[in-house]
Structure formats: C-alpha cells, structure tokens
Amino acid sequence: MTTVNHIAGSLDRQQALQRLKSGSRFDLLVVGGGATGLGVALDAASRGLSVALVERDDFAQGTSSRSTKLVHGGVRYLAQGNLSLVKEALHERWVLLNNAPHLAHPMPFLVPAYGTRGRLWDRPFYGIGMKVYDLLAGKAGLGDTEVLDRERTTEAMPGVRTEDLVGAVKYWDGQFDDARLAVALARTAAAHGAVVLNHCAVLGLLHADGKVSGATVNDAETGEAIAVQARCVVNATGVWVDELRRLDTRQDSQMVSPSQGIHLAIDREFLPGDHALLVPKTDDGRVMFAVPWLGKVLLGTTDTPRDVIETEPTPLADEVDFILGEAGKVLARKPTQADVRSIWGGLRPLVKSPDDAPRETDKVSREHTVIVDKSGLVTVTGGKWTTYRAMAEDVIARCIEAGLIVSDEPCRTASLRLIGAPASVSHKISDPPGAHLYGDEAALLDDLPGHQRELGAGLTEAMVRFAVRHEGARSVEDVLARRSRVLFLDAQTAAAMAEDVAVLIVDETGRAIDDLAGFRRLAQRYLTLPASARYALRRSQPLELRR
Ligand SMILES: Cc1cc2nc3c(=O)[nH]c(=O)nc-3n(C[C@H](O)[C@H](O)[C@H](O)COP(=O)(O)OP(=O)(O)OC[C@H]3O[C@@H](n4cnc5c(N)ncnc54)[C@H](O)[C@@H]3O)c2cc1C
C-alpha cells in the first residue's frame with residue numbers, strides 16, 4: 001500500500017472512523033452527504049462547532065450528482081413571478097462562482113426565436129424577461145442580456161436549426177461540476193475540523209429524555225455499528241427525509257414529493273461553440289436545455305412525479321421521447337437514440353403542499369423547508385444546488401434559535417473559498433475534463449505515479465490515486481461516476497476503463513474491490529434506453545465490455 005500524503009482536507013477514512021468511535025459528543029451530526037448536508041457541515045465547522053457528517057453511499061450519489069449542472073437564478077421561476085427566489089439564487093450564483101472558480105463558471109445561453117406559430121414574438125418577450133433577470137442580479141450580474149439577429153445567432157451557435165430562425169435572446173447564467181463540487185465541500189468541511197464519512201449509513205436514532213441525542217451508524221466496509229452522540233441531528237437526506245423522520249417518530253409522514261428529471265449526453269458535434277441553448281416553453285410548457293458540459297452536450301430535463309424512490313432512478317420512454325423530440329426542433333442535426341452516450345435520472349426533493357392537492361410538480365415549492373420536530377430532529381429539504389449555502393445558513397440559524405446548539409460566531413461561508421479554488425482560471429466547465437478541474441491542487445497530481453498515463457476521458461492514473469488518497473473514493477463507481485464524470489458523459493468508455501481503475505484502487509487501499517461487475521452492469525444501465533413508442537430505432541449493439 002502507498003502511504004497517504006497529508007494535504008488540507010484529505011479525507012482519511014480510518015481517522016474519521018476513530019473520531020466517530022471516540023465517544024465524544026459532537027455539536028452537530030449531519031445525515032446525508034449531498035449538497036444540503038455538506039453545506040450545513042461546512043457552515044457549522046467554519047463557525048468552530050464540532051461536526052460529524054455521514055453519507056450512506058458516496059458524496060452526491062443521490063440527487064446532487066444528477067442535476068442539470070446549472071448555477072442559476074431560475075428562468076422558469078421568473079416566469080412564475082417568484083422574484084424573491086430568483087434574486088436570492090442570483091446572489092448565490094455569484095457567491096458560488098467566486099468561491100469555486102475551478103468548478104463553476106459563467107456560461108452564455110441563447111433562447112432561439114423562430115418565425116413560425118407566433119414564435120416571432122418570443123424574442124422581444126424573452127428579451128424583456130431576461131432584462132428583469134439582469135436587474136434582479138444587480139452587481140452580481142455575469143453579463144448583459146442582448147437580442148441577437150439571425151446572423152449573430154448562427155455565428156454563436158453553429159448547431160442551431162436555421163429554418164425559420166429569426167434570432168435569439170442571449171443571457172448569462174453559470175454551470176458547474178456538481179459531484180466534484182460536493183467533494184470540494186466535503187474536503188473543505190474536513191479542513192475546518194469536521195469528521196466527514198461516506199459509505200456509512202444512519203440505521204437508527206438515539207434518544208435521551210424524549211429528545212434525539214445521536215444516531216447509530218453503520219460502516220459499510222466492516223459492518224461495524226457505531227453509536228454517535230450529538231447535541232443536534234440534522235436530517236439532510238434529500239428525497240429520503242421521510243425515512244429518517246419515521247425512525248424518529250415511528251409515524252408515517254410525507255413531506256417530500258419526488259419529481260424525476262432525466263438527462264441524455266450526446267457528442268459535442270451536435271452543439272459546437274460555447275453557448276448553451278434554452279427552450280423556455282416547449283409544446284407542453286416545460287423548459288428544455290442543451291448545455292455543453294465537460295466535452296459533451298447534456299440534454300434535459302423532465303419533471304415527472306414519482307412515487308418510487310430509487311437510488312438509481314429509471315428513465316421512462318416518454319421522457320426520452322420528449323427530450324429527443326424537443327432537441328430535434330432546435331438543433332440542426334436531430335439527435336436519435338443511437339447518439340445517446342449516457343442516460344440517467346435524478347429525483348428532486350420537492351416539498352409537498354400541506355393540503356395534499358393533486359400534484360403538478362412544476363408548481364410544488366422549489367424553496368427549501370426546515371422543520372424542527374418535537375424531538376429536536378432538524379429536517380431540511382427542497383431548494384436547489386445553487387442555493388445550498390443560503391439553505392445551510394438558514395439551518396444553522398434555526399438550530400441556534402431552537403437552543404439545540406450554541407454559537408455566537410457569524411456565518412463565514414459567503415466568502416469562504418473551497419479547497420482547490422485558484423486565483424485565476426484558464427478553462428471552462430464546458431471544456432473536456434482534465435487537471436484544470438483540480439484548481440490550485442493540479443500540481444499535486446504531478447507528484448503522483450502515473451501522472452502522464454491517461455486511462456481515458458481525461459482521467460489519469462494519478463487522478464485515480466488522488467481520488468482514493470484524498471477525495472474519499474472507495475469504489476470503481478466513486479471514481480468513474482463522481483470524481484471523474486465519465487459514466488455520465490460516455491458510459492461505454494467508463495465500462496472500458498473500469499478494470500484499470502479497480503487495479504489502482506486495490507493498489508492504493510490494499511483491499512479487494514467487489515464492485516467491478518456491478519459497475520459494468522451500472523454502465524450498461526446508463527447506456528440502455530427505455531423502449532420507445534415513437535422512436536423505432538433501438539440500440540442494436542449490446543455494450544461490449546472489456547474483461
Ligand atoms: C433532474 C434535476 C435537475 C436539477 N438541476 C439543477 C440545476 O441545474 N441547478 C440547481 O441549482 N439545482 C438543480 N437541481 C436540484 C438539486 O440537484 C437538488 O436540490 C440537490 O441536489 C438536493 O441535494 P440534497 O443534499 O438535498 O439531496 P441528495 O443529493 O439526494 O443528498 C441526500 C443524501 O442523503 C443520503 N442518505 C439517505 N439516507 C441516509 C441515511 N439513512 N444515512 C446516511 N445518508 C443517507 C443519500 O445517499 C444522499 O446522498 C436538479 C435536480 C434534479 C433532480
């Protein structure tokens with residue numbers, strides 16, 4: 001086994017387990033290592049509180065690695081007239097772009113306007129709407145909204161369908177690498193003293209005098225159960241919050257109403273240039289994005305109510321038809337099922353309306369909700385990635401207000417730069433993946449074995465070693481889905497790289513790897529489209545995996 005070099009915020013599993021087992025009482029135990037839980041852990045740790053965070057699977061393995069990867073105010077909430085939500089998100093967009101410039105970057109968007117079916121009016125209509133977006137952003141604006149004629153539109157976006165094209169509205173938002181941002185949050189929290197541990201689930205809550213006093217957690221690698229004492233337990237388990245609340249009250253309650261969104265990755269040739277495309281109102285009223293991301297283009301998303309909460313949500317045929325159909329209306333080259341390099345789903349934790357009114361998911365609250373139960377269990381859910389920091393600040397304020405924790409320290413996260421944040425950036429998030437995503441830690445890769453050996457898709461042997469030594473990666477999936485994003489970009493390439501990655505993990509940890517076959521099945525899933533009624537073409541070749 002190779003020795004671990006100590007760098008700021010290195011996630012050392014053995015050390016984290018020792019601290020959990022030490023019997024000391026934490027101020028805060030956060031359950032869930034997605035955007036919400038990691039934000040809460042960082043806020044609390046940077047105020048000097050003692051914090052432990054446990055994540056059942058991997059950081060961001062739930063919804064937080066499955067987003068559209070936009071740091072945005074929310075054009076659709078603007079259309080709904082929810083100006084306060086948009087204003088807060090635009091401020092948070094600016095904060096995030098400043099605090100993690102290696103992982104989040106401004107991106108210009110075009111809203112194309114066509115001279116058919118009254119769409120000629122779209123340009124002035126959206127032009128005015130997006131000017132309001134600029135006004136709400138104020139000093140946090142990323143660039144001015146412009147109305148482009150047909151020629152400037154095709155220059156900026158060579159892949160756009162030109163038939164009947166009149167022009168476009170250009171506006172600015174941000175985009176990011178969601179899973180790598182989650183790891184940066186975990187490491188920054190650890191650098192501020194938090195115990196941060198993945199592959200460690202909460203199985204039960206501890207109570208003393210009718211109040212929650214900690215939790216029993218289970219180390220997935222050894223099966224060992226550990227009792228962790230805490231003054232305050234925060235339930236940040238996303239779409240799973242009701243499960244944890246049931247462990248507390250033993251009563252059925254449902255505060256989350258999951259809504260599924262899927263994405264498809266296609267080659268960059270479909271949308272060359274560095275602009276993203278937004279269709280603010282598709283034929284059935286939803287929005288559709290085509291966004292250059294890490295060398296590919298992401299198409300999405302959908303908004304489908306789901307009752308089943310799966311770790312790996314299943315894309316539906318209607319969702320694929322909708323996305324390919326809408327993309328085909330605005331891209332010069334229509335993508336087909338055969339062009340899909342990866343497909344995946346995610347579940348939005350939307351907070352249910354109290355009256356249980358019939359669900360229309362685009363009308364359910366996208367703002368977050370914080371509840372302090374009688375037992376003292378604090379539950380937070382809803383919101384969006386862009387606002388994770390503001391949500392965390394709110395959660396800590398509620399914990400202090402409820403007398404669960406004591407702190408006079410102000411929130412520091414608005415100006416707290418995350419691990420790796422460099423002084424200047426030379427790449428965009430839309431560029432193919434590479435060492436630039438490591439920010440000012442990129443030079444550390446040069447000191448590791450294999451820094452010039454690329455395994456594929458911009459991932460080097462040194463990056464795998466770095467992922468295991470410092471970024472908490474424990475499995476092939478952790479590396480290929482979330483430290484590198486190749487599973488989401490090109491599932492076939494991910495499958496082909498799996499064995500090399502497994503060998504390196506074994507070399508780094510000295511442990512046997514048991515998820516190689518499982519990862520290949522997962523990659524197959526990311527490559528398999530549901531049977532479609534409208535699109536006859538099916539993937540005829542089964543995925544060929546290198547053994
Ligand atoms: C399709 C889609 C597109 C989106 N696009 C955007 C976007 O472009 N921009 C944006 O700002 N937002 C976007 N969002 C919203 C954003 O992704 C979510 O709001 C955010 O990721 C939710 O994070 P979370 O931490 O609350 O949940 P999660 O990321 O799901 O984290 C909860 C974690 O809790 C863990 N957990 C569950 N039970 C336990 C247990 N018993 N013990 C320990 N851990 C447990 C889970 O494993 C999971 O990792 C999108 C969402 C979806 C679905």
# chains A, B, ... in the order shown; residues from 1 in each chain; ligands from 1
$ residues_near_ligand --ligand "ligand 1" --cutoff "7 Å" --atoms "only C-alpha atoms and all ligand atoms" --output "ChimeraX atom specification"
/A:31-37,54-72,200-203,236-240,244,259-262,301-302,345-349,381-387
$ select_by_dssp --residues "region 29-276 of chain A" --states "strand (DSSP E)" --output "PyMOL selection string"
chain A and resi 29-31+51-54+70-71+104-114+146-149+165-176+195-197+200-208+211-219+225-235+256-267+276
$ closest_residue --among "A:Pro530, A:Gly174, A:Gly204, A:Gly23" --to "Glu319 (chain A)" --atoms "only C-alpha atoms"
A:Pro530
$ residues_around --residues "region 264-278 of chain A" --least-positions-apart "3" --cutoff "8 Å" --atoms "only C-alpha atoms" --output "number ranges by chain"
A: 107-112, 156-160, 287-292, 295-300, 331-333, 335, 339-344, 430, 488-490
$ residues_around --residues "region 522-529 of chain A" --least-positions-apart "5" --cutoff "12 Å" --atoms "only C-alpha atoms" --output "ChimeraX atom specification"
/A:262-266,311-321,324,336-345,476-477,480-481,486-498,515-517,535-545
$ residues_around --residues "Glu92 (chain A)" --least-positions-apart "3" --cutoff "8 Å" --atoms "only C-alpha atoms" --output "JSON list (two decimals) with all heavy atoms, in the first residue's frame"
[["chain", "number", "residue", "atom", "x", "y", "z"],
["A", 88, "GLU", "N", -32.51, 35.76, -4.70],
["A", 88, "GLU", "CA", -31.62, 35.05, -3.78],
["A", 88, "GLU", "C", -30.69, 34.11, -4.56],
["A", 88, "GLU", "O", -29.48, 34.05, -4.33],
["A", 88, "GLU", "CB", -32.42, 34.23, -2.76],
["A", 88, "GLU", "CG", -31.51, 33.48, -1.80],
["A", 88, "GLU", "CD", -32.22, 32.44, -0.93],
["A", 88, "GLU", "OE1", -33.01, 31.65, -1.46],
["A", 88, "GLU", "OE2", -31.95, 32.44, 0.29],
["A", 89, "ALA", "N", -31.26, 33.39, -5.52],
["A", 89, "ALA", "CA", -30.46, 32.42, -6.29],
["A", 89, "ALA", "C", -29.40, 33.15, -7.12],
["A", 89, "ALA", "O", -28.28, 32.65, -7.28],
["A", 89, "ALA", "CB", -31.37, 31.58, -7.17],
["A", 95, "VAL", "N", -21.87, 34.08, -5.53],
["A", 95, "VAL", "CA", -21.04, 33.59, -4.41],
["A", 95, "VAL", "C", -20.35, 32.29, -4.82],
["A", 95, "VAL", "O", -19.14, 32.12, -4.63],
["A", 95, "VAL", "CB", -21.92, 33.35, -3.15],
["A", 95, "VAL", "CG1", -21.14, 32.62, -2.06],
["A", 95, "VAL", "CG2", -22.44, 34.68, -2.60],
["A", 96, "LEU", "N", -21.09, 31.38, -5.42],
["A", 96, "LEU", "CA", -20.53, 30.08, -5.79],
["A", 96, "LEU", "C", -19.46, 30.22, -6.87],
["A", 96, "LEU", "O", -18.38, 29.61, -6.79],
["A", 96, "LEU", "CB", -21.67, 29.16, -6.27],
["A", 96, "LEU", "CG", -21.31, 27.75, -6.74],
["A", 96, "LEU", "CD1", -20.43, 27.02, -5.73],
["A", 96, "LEU", "CD2", -22.57, 26.94, -6.98],
["A", 386, "THR", "N", -27.91, 25.50, -6.40],
["A", 386, "THR", "CA", -27.43, 26.88, -6.44],
["A", 386, "THR", "C", -27.53, 27.56, -5.07],
["A", 386, "THR", "O", -26.68, 28.38, -4.71],
["A", 386, "THR", "CB", -28.24, 27.69, -7.48],
["A", 386, "THR", "OG1", -28.22, 26.97, -8.72],
["A", 386, "THR", "CG2", -27.70, 29.09, -7.67],
["A", 387, "THR", "N", -28.58, 27.22, -4.31],
["A", 387, "THR", "CA", -28.82, 27.93, -3.05],
["A", 387, "THR", "C", -28.37, 27.12, -1.82],
["A", 387, "THR", "O", -28.76, 27.44, -0.69],
["A", 387, "THR", "CB", -30.31, 28.29, -2.91],
["A", 387, "THR", "OG1", -31.08, 27.11, -3.12],
["A", 387, "THR", "CG2", -30.72, 29.35, -3.92],
["A", 389, "ARG", "N", -25.81, 27.04, -0.03],
["A", 389, "ARG", "CA", -25.10, 27.79, 1.02],
["A", 389, "ARG", "C", -26.09, 28.59, 1.88],
["A", 389, "ARG", "O", -26.01, 28.58, 3.11],
["A", 389, "ARG", "CB", -24.07, 28.71, 0.38],
["A", 389, "ARG", "CG", -23.04, 29.28, 1.33],
["A", 389, "ARG", "CD", -22.51, 30.61, 0.84],
["A", 389, "ARG", "NE", -23.56, 31.61, 0.81],
["A", 389, "ARG", "CZ", -24.01, 32.28, 1.86],
["A", 389, "ARG", "NH1", -23.46, 32.10, 3.05],
["A", 389, "ARG", "NH2", -25.01, 33.16, 1.75],
["A", 390, "ALA", "N", -27.02, 29.26, 1.19],
["A", 390, "ALA", "CA", -28.03, 30.04, 1.91],
["A", 390, "ALA", "C", -28.92, 29.10, 2.74],
["A", 390, "ALA", "O", -29.32, 29.43, 3.87],
["A", 390, "ALA", "CB", -28.87, 30.84, 0.93]]
$ residues_around --residues "Leu459 (chain A)" --least-positions-apart "2" --cutoff "12 Å" --atoms "only C-alpha atoms" --output "number ranges by chain"
A: 432-438, 445, 450-457, 461-467, 479-487, 493-494, 497-498, 500-501
$ closest_residue --among "A:Asp252, A:Pro280, A:Asp178, A:Arg152" --to "Ala79 (chain A)" --atoms "only C-alpha atoms"
A:Pro280
$ closest_residue --among "A:Leu78, A:Leu49, A:Ala104, A:Ala230" --to "Leu181 (chain A)" --atoms "only C-alpha atoms"
A:Ala104
$ atom_distance --atom1 "CA of Gly143 (chain A)" --atom2 "CA of Ile128 (chain A)"
15.0 Å
$ atom_distance --atom1 "CA of Leu197 (chain A)" --atom2 "CA of Ala16 (chain A)"
6.6 Å
$ residues_around --residues "Lys139 (chain A)" --least-positions-apart "2" --cutoff "12 Å" --atoms "only C-alpha atoms" --output "PyMOL selection string"
chain A and resi 87+90-91+93-95+133-137+141-144
$ write_last_selection --atoms "C-alpha atoms" --output "short mmCIF file (atom, residue, chain, number, x, y, z; two decimals), in the first residue's frame"
data_model
loop_
_atom_site.label_atom_id
_atom_site.label_comp_id
_atom_site.auth_asym_id
_atom_site.auth_seq_id
_atom_site.Cartn_x
_atom_site.Cartn_y
_atom_site.Cartn_z
CA LYS A 87 -32.99 37.25 -6.55
CA LEU A 90 -28.76 35.07 -8.47
CA HIS A 91 -26.83 36.29 -5.43
CA ARG A 93 -24.82 32.09 -8.13
CA TRP A 94 -22.27 34.90 -7.78
CA VAL A 95 -21.04 33.59 -4.41
CA TYR A 133 -33.17 38.84 -14.66
CA ASP A 134 -30.19 41.23 -15.14
CA LEU A 135 -31.85 43.85 -12.93
CA LEU A 136 -32.51 41.32 -10.16
CA ALA A 137 -28.86 40.18 -10.35
CA GLY A 141 -24.71 40.00 -12.90
CA LEU A 142 -22.47 37.97 -15.21
CA GLY A 143 -23.11 39.87 -18.46
CA ASP A 144 -25.82 41.89 -20.15
#
